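Asks: Just passing along the structure, written as structure tokens.
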Amino acid sequence: MDILFAQIQADLRSNDALRQTSALLLALQQSAAGRDISVIAKSAVEEIVAAPASAVCKKLAFDLIRSTRLTADLWDSVSTGIRSDLHFPDPDVTAAALSILAAIPSYALAKLISDCNAEISACFDSPSDNLRFSITETLGCILARDDLVTLCENNVNILDKVSAWWFRIANNMLDKSDNVSKVAFESVGRLFQEFDSKKMSRLAGDKLVDSENSLAIRSNWVSSMVDFVWKKRNALMARSSILPVETFRATVFPLVYAVKAVASGSVEVIKKLSKSPKENGSVTDATAEKLVGVSDLVTHLAPFLASSLDPALIFEVGINMLYLADVPGGKPEWASQSIIAILTLWDRQEFASARESIVRAAVTNLHLLDLHMQVSLFKRLLVMVRNLRAESDRMYALACICRTALCVDLFAKESVRRGQKPLSGTDIASLFEDVRIREDLNSVTSKSLFREELVATLVESCFQLSLPLPEQKNSGMESRVIGALAYGTGYGALNWTEPALEVVEVCRPCVKWDCEGRTYAIDCYLKLLVRLCHIYDTRGGVKKVKDGASQDQILNETRLQHLQRDLVKDLREVNTLRICARLIWAISEHIDIEGLDPLLADDPEDPLNIIVSNIHKVLFNIDSSANTTNRLQDVQGVLLCAQRLGSRHPRAGQLLTKELEEFRNSTLADSVNKHQCRLILQRIKYIFSHPDNRWAGVSEARGDYPFSHHKLTVQFYESSAAQDRKLEGLVHKAILELWRPDPSELTLLLTKGIDSTSLKVAPVAHTLTGSSDPCYIEAYHLSDAGDGRITLHLKVLNLTELELNRVDIRVGLSGSLYFMNGSPQAVRQLRNLVSQDPVLCSVTVGVSHFERCGFWVQVLYYPFYGSGAVGDYEGDYTEEDPQIMRQKRSLRPELGEPVILRCQPYKIPLTDLLLPHKISPVEFFRLWPSLPAIVEHTGTYIYEGSGFKATAAQQYGSSPFLSGLKSLSSKPFHRVCSHIIRTVAGFQLCYAAKTWHGGFLGMMIFGSSEVSRNVDLGDETTTMICKFVVRASDAAITKQIESDPQGWLDDLTDGAVEYMPEDEVKVAAAERLRISMERIALLKAAQPRPKTPKSDDEEDEEKEEDEEKKKEKKDGEEDKPKGPTTLSKITAEEAEHRALQAAVLQEWHILCKDRKG
């Protein structure tokens, strides 16, 4: 390999362009094979880039530079070569030099742009198409990036130059050359995309915080480009029409984005963000003019949907026309043409990997079509969704499908009520009557989870419909959906129950499924059924007109009663006893038992007989495998059903008494069940003799479904339960993403303006160097959990009065950090640091796992750099010798001995490797005992004010007693719940988080305050003692916390809480107990005892307390009473509890009086 590299370097040093070209091609081949070619890159920079060479050699050399890493010295040589090539007479050489600008590091780019402004601007006017293409392409890549926006924010001259270049790029969209025009369209489109998504900046590794000024700069560029495209839209459409078909695709997005921004009015808000003092040609067209502009663009794009043979062009045009279809005044035909064209790509082989995008685009915009078109496409889309592979895309598409079904059903029924002609196939049953879907729903077993996903998503969508619809202030896609739902429900509180009733009818076969232990979908179904039965009060039978019921209500209640009868018959076909017990509860709790025909008492088809026989089957079930039954819970649920059902009807009581007696006397009942049966039988017997006191055994139906695993106190560890939780997470995520989406930062800015809190505050920088060091360095970091990266931003400042010719910054890593290229350290070489002139640089690294980590920065500066350089000696050689000239160019000044400055390590807080995990309190406390790893530690902090005063101020939001934990609100934790005990200034806080790599971490903080013994003048100083309990899903997580408790508390509270070792905690607790016992003894000694016959008992009590104190001094624990007694002897702990209860009640009475007053 050394021989090959030596040959390549020799060829590069030759003046033969052919040999240089072949050598560069060979070097690129070695780079593609993964070999280190930094030596060859150095030769290429010195022999090709920094010297005259052909355009082909220059391009190949720049490609070689992009594939490796260069030092600062070599980048200086590259910049020098670019400057000289900008004046080269051959425009192809200049074009090649411009292409490398995008790879220049940010710290060197500003100076290069400032120095070469005139030359770069002149390239736009060049007669060479190749040069105009190169300058447009290169600047289009650079100018939209985050780092250049930051340069413009700090340098007004660069901002003016860049703004002028954007106008030159926009004008090039009308260039006579097709290639130049195409790349100009791409550049403007890239600016629009970067404003919305910052995709390019993220790919480049930039993790910069948008400040108010940088957002204004980018907004100004976007608004100016939108104005330009809108004003020149006819010319731009004409120019794009004569482009070759294969390049037409690049022109679609910039035109659509600009026209949509003007038509929807978002450009006006963008201009407000830009804070431009002058309105340079703002768009103030009328609504009709905007609609005409949108219509013209649709007319321009529509022919390509039908006549194009390029699938990629069809997809691009279709997606962008859907983007246009929801503008105010848009037509359904615009969306229908696009959706039909996109769906034709489903069967094309080259779009097999893009099926998720095709279906997602179609179902997301389905509501833009008219009702007939939605119905005709619905079944086809449902089958497509069924065949999607990616879970998240399938669930989101299914949520869209289910919401569309509810929209169609509601909209069609409301239209009929308002006198319009009914449209067939718009009800829920018709929409889901596809043969394959019906077969899937009606089969007992299935290898696919799709039917469970469908039922769960349909039911959860109904529950979302029952909630208040979100307010939509701005027009757009979501506002149309909200409008359709509001039109269908008429903003009525119970109108959502009509489609929900159809949903429970369509999904009725799900109770017969055998899902291998999974119950989530069936639980969802039964939960909706119970809710509907409660709302329509099915216990009382069908209401009548004379009772004030409407015809619709009577019809719905009749359907629900028939559904209950059908479900009773389905009890015989239920395949798992776990579901059988839950279905029995859902039916028996709400069935109209008074309305049963008494003549059918002996008929086995009588609903009551069927229910009782199935209760018998559950009670006497011998199979206790976890996949089919949870016997403990099933028996408890069925016994509760027996009590409530037997209390409601005498015949039911007689039948169930027999069953309960038989079960009670069998060997299958344990002692708990036998006692429960005895209690239930006594209640039923009491109600037989006292019919008016049914409340003893049954209460009103509450519409609650108690079998959801959220409400289980014990969670059995089985694969089916894990699959249920996974399915539930996917369904809830998709439903919330669709029905209650979190607005993006740009959306918040566009709706709330620049005053929005979505603008992130730049983190606080930490100083790493000493006060007397010649180089001052401060640093801050930004985390990106999505990419698993951390970026360290450094600011280097020369504090000396001299110019430092060279400074090297070395960055090493510890813990879980790693460099992307696998190198052990990063080196940044800085040149010519002017006094007091800050230089910015950054390092981006990856995070492999949850572990304490940090950056170790070292500064090397060379005070003797450039002195006594060998290159100053020229000798007697003639300058005509090219070999000698090449040697002179390669000579570099000597570095000299560096001065090494070691900086403080920059440690990444452990909390920065966490993400907030939203979880309900019930789920949190259910999950808490099952977390295997646990760590506990105690911390203290001091706050001003007495405990009662501080906690009383809690209701006004100014309480100081949580002052030590106030920084927790800014940490990446989700606050699950909190309990504040105001009387004693105590609290319990619960937090949940997840690591970047998926591990769960739960934290509880228990606090209690104590008045300090050293009372200063004025208000009291109080110490809060906090117990931090952390449980995690992995022992590696708690190990990192346990290794440095004080560091963990500092990360949590920003240094406000001080760690207390357990030994100190025990000593302090013993001391507090001793003091409290002494106070109790003093109080008892000071209080005169009334002379009663019980004085002997009191003396005995005092003696017993003395013995308790002696024993507490020995082992620090409270003594227990020695035996049962009828005398009132309370311990110190009981006395403290009673005092606490009295204080709570007293404070409650005071608060009640204040409220009444």
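Here's how to read the names in the structure tokens: chain A, B, ... by the order shown, residue numbers from 1 in each chain, ligand numbers from 1 in the order shown.
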Could you tell me, as a ChimeraX atom specification, which residues of segment 622-714 of chain A DSSP assigns to alpha helix (DSSP H) when given the backbone?

Replies: /A:631-648,650-664,671-689

Asks: Restricting the calculation to only C-alpha atoms, which member of A:Leu968, A:Cys977, A:Cys990, A:Val267 is positioned closest to Gly1055 of chain A?

Replies: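 Looking at the shortest contact to Gly1055 of chain A, the residue is A:Leu968.
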
Asks: Expressed in Å to a single decimal, how great is the separation between atom CA of Ala96 of chain A and atom CA of Glu119 of chain A?

Replies: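 Rounded to one decimal, the two atoms are 14.2 Å apart.
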
Asks: Find, counting only C-alpha atoms, the residue in A:Gly265, A:Gly1047, A:Pro52, A:Gly786 that gets nearest to Gly998 of chain A.

Replies: A:Gly786

Asks: Work out how far apart atom CA of Phe855 of chain A and atom CA of Ala785 of chain A are and give it in Å to one decimal.

Replies: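 We find that atom CA of Phe855 of chain A and atom CA of Ala785 of chain A lie 17.9 Å from each other.
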
Asks: Between A:Phe432, A:Phe195, A:Tyr520, A:Phe88, which has the minimum distance to Glu728 of chain A (counting only C-alpha atoms)?

Replies: A:Tyr520

Asks: Have a look at A:Lys290, A:Arg648, A:His937, A:Arg218 and name the one nearest to Trp230 of chain A; count only C-alpha atoms.

Replies: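 Going through A:Lys290, A:Arg648, A:His937, A:Arg218 one by one, the smallest distance to Trp230 of chain A is for A:Lys290.
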
Asks: Here is a test: counting only C-alpha atoms, which residue of A:Phe1006, A:Trp334, A:Tyr776, A:Trp496 is nearest to Ala302 of chain A?

Replies: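 The closest residue to Ala302 of chain A is A:Trp334.
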
Asks: Which one of A:Leu60, A:Glu594, A:Arg386, A:Ala399 sits closest to Arg436 of chain A if you count only C-alpha atoms?

Replies: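 With only C-alpha atoms as the atom set, the closest residue is A:Arg386.
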
Asks: Just the residues within 10 Å of segment 307-313 of chain A, please, counting only C-alpha atoms, with nothing from its chain fewer than 5 positions along; format it as number ranges by chain.

Replies: A: 245-250, 252, 302, 318-319, 341-342, 344-345, 348, 350-351

Asks: The selected residues should be written to file as a compact mmCIF listing (two decimals), in the first residue's frame (atoms: C-alpha atoms).

Replies:
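Final output, saved to result-v3.txt:
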```txt
# COMPACT_ATOMS: atom_id res chain seq x y z
CA VAL A 245 -39.53 16.76 -18.47
CA GLU A 246 -36.88 15.13 -16.31
CA THR A 247 -35.98 18.51 -14.76
CA PHE A 248 -39.53 19.86 -14.44
CA ARG A 249 -39.90 18.18 -11.02
CA ALA A 250 -37.50 20.69 -9.42
CA VAL A 252 -42.92 22.29 -8.59
CA ALA A 302 -52.68 19.11 -13.59
CA GLY A 318 -49.64 14.98 -6.71
CA ILE A 319 -48.22 15.69 -3.26
CA ALA A 341 -52.84 9.73 -9.51
CA ILE A 342 -50.82 8.93 -6.38
CA THR A 344 -51.89 4.47 -9.25
CA LEU A 345 -48.25 4.25 -8.06
CA ARG A 348 -45.26 0.04 -9.27
CA GLU A 350 -39.97 1.23 -7.84
CA PHE A 351 -42.47 2.68 -5.32
```
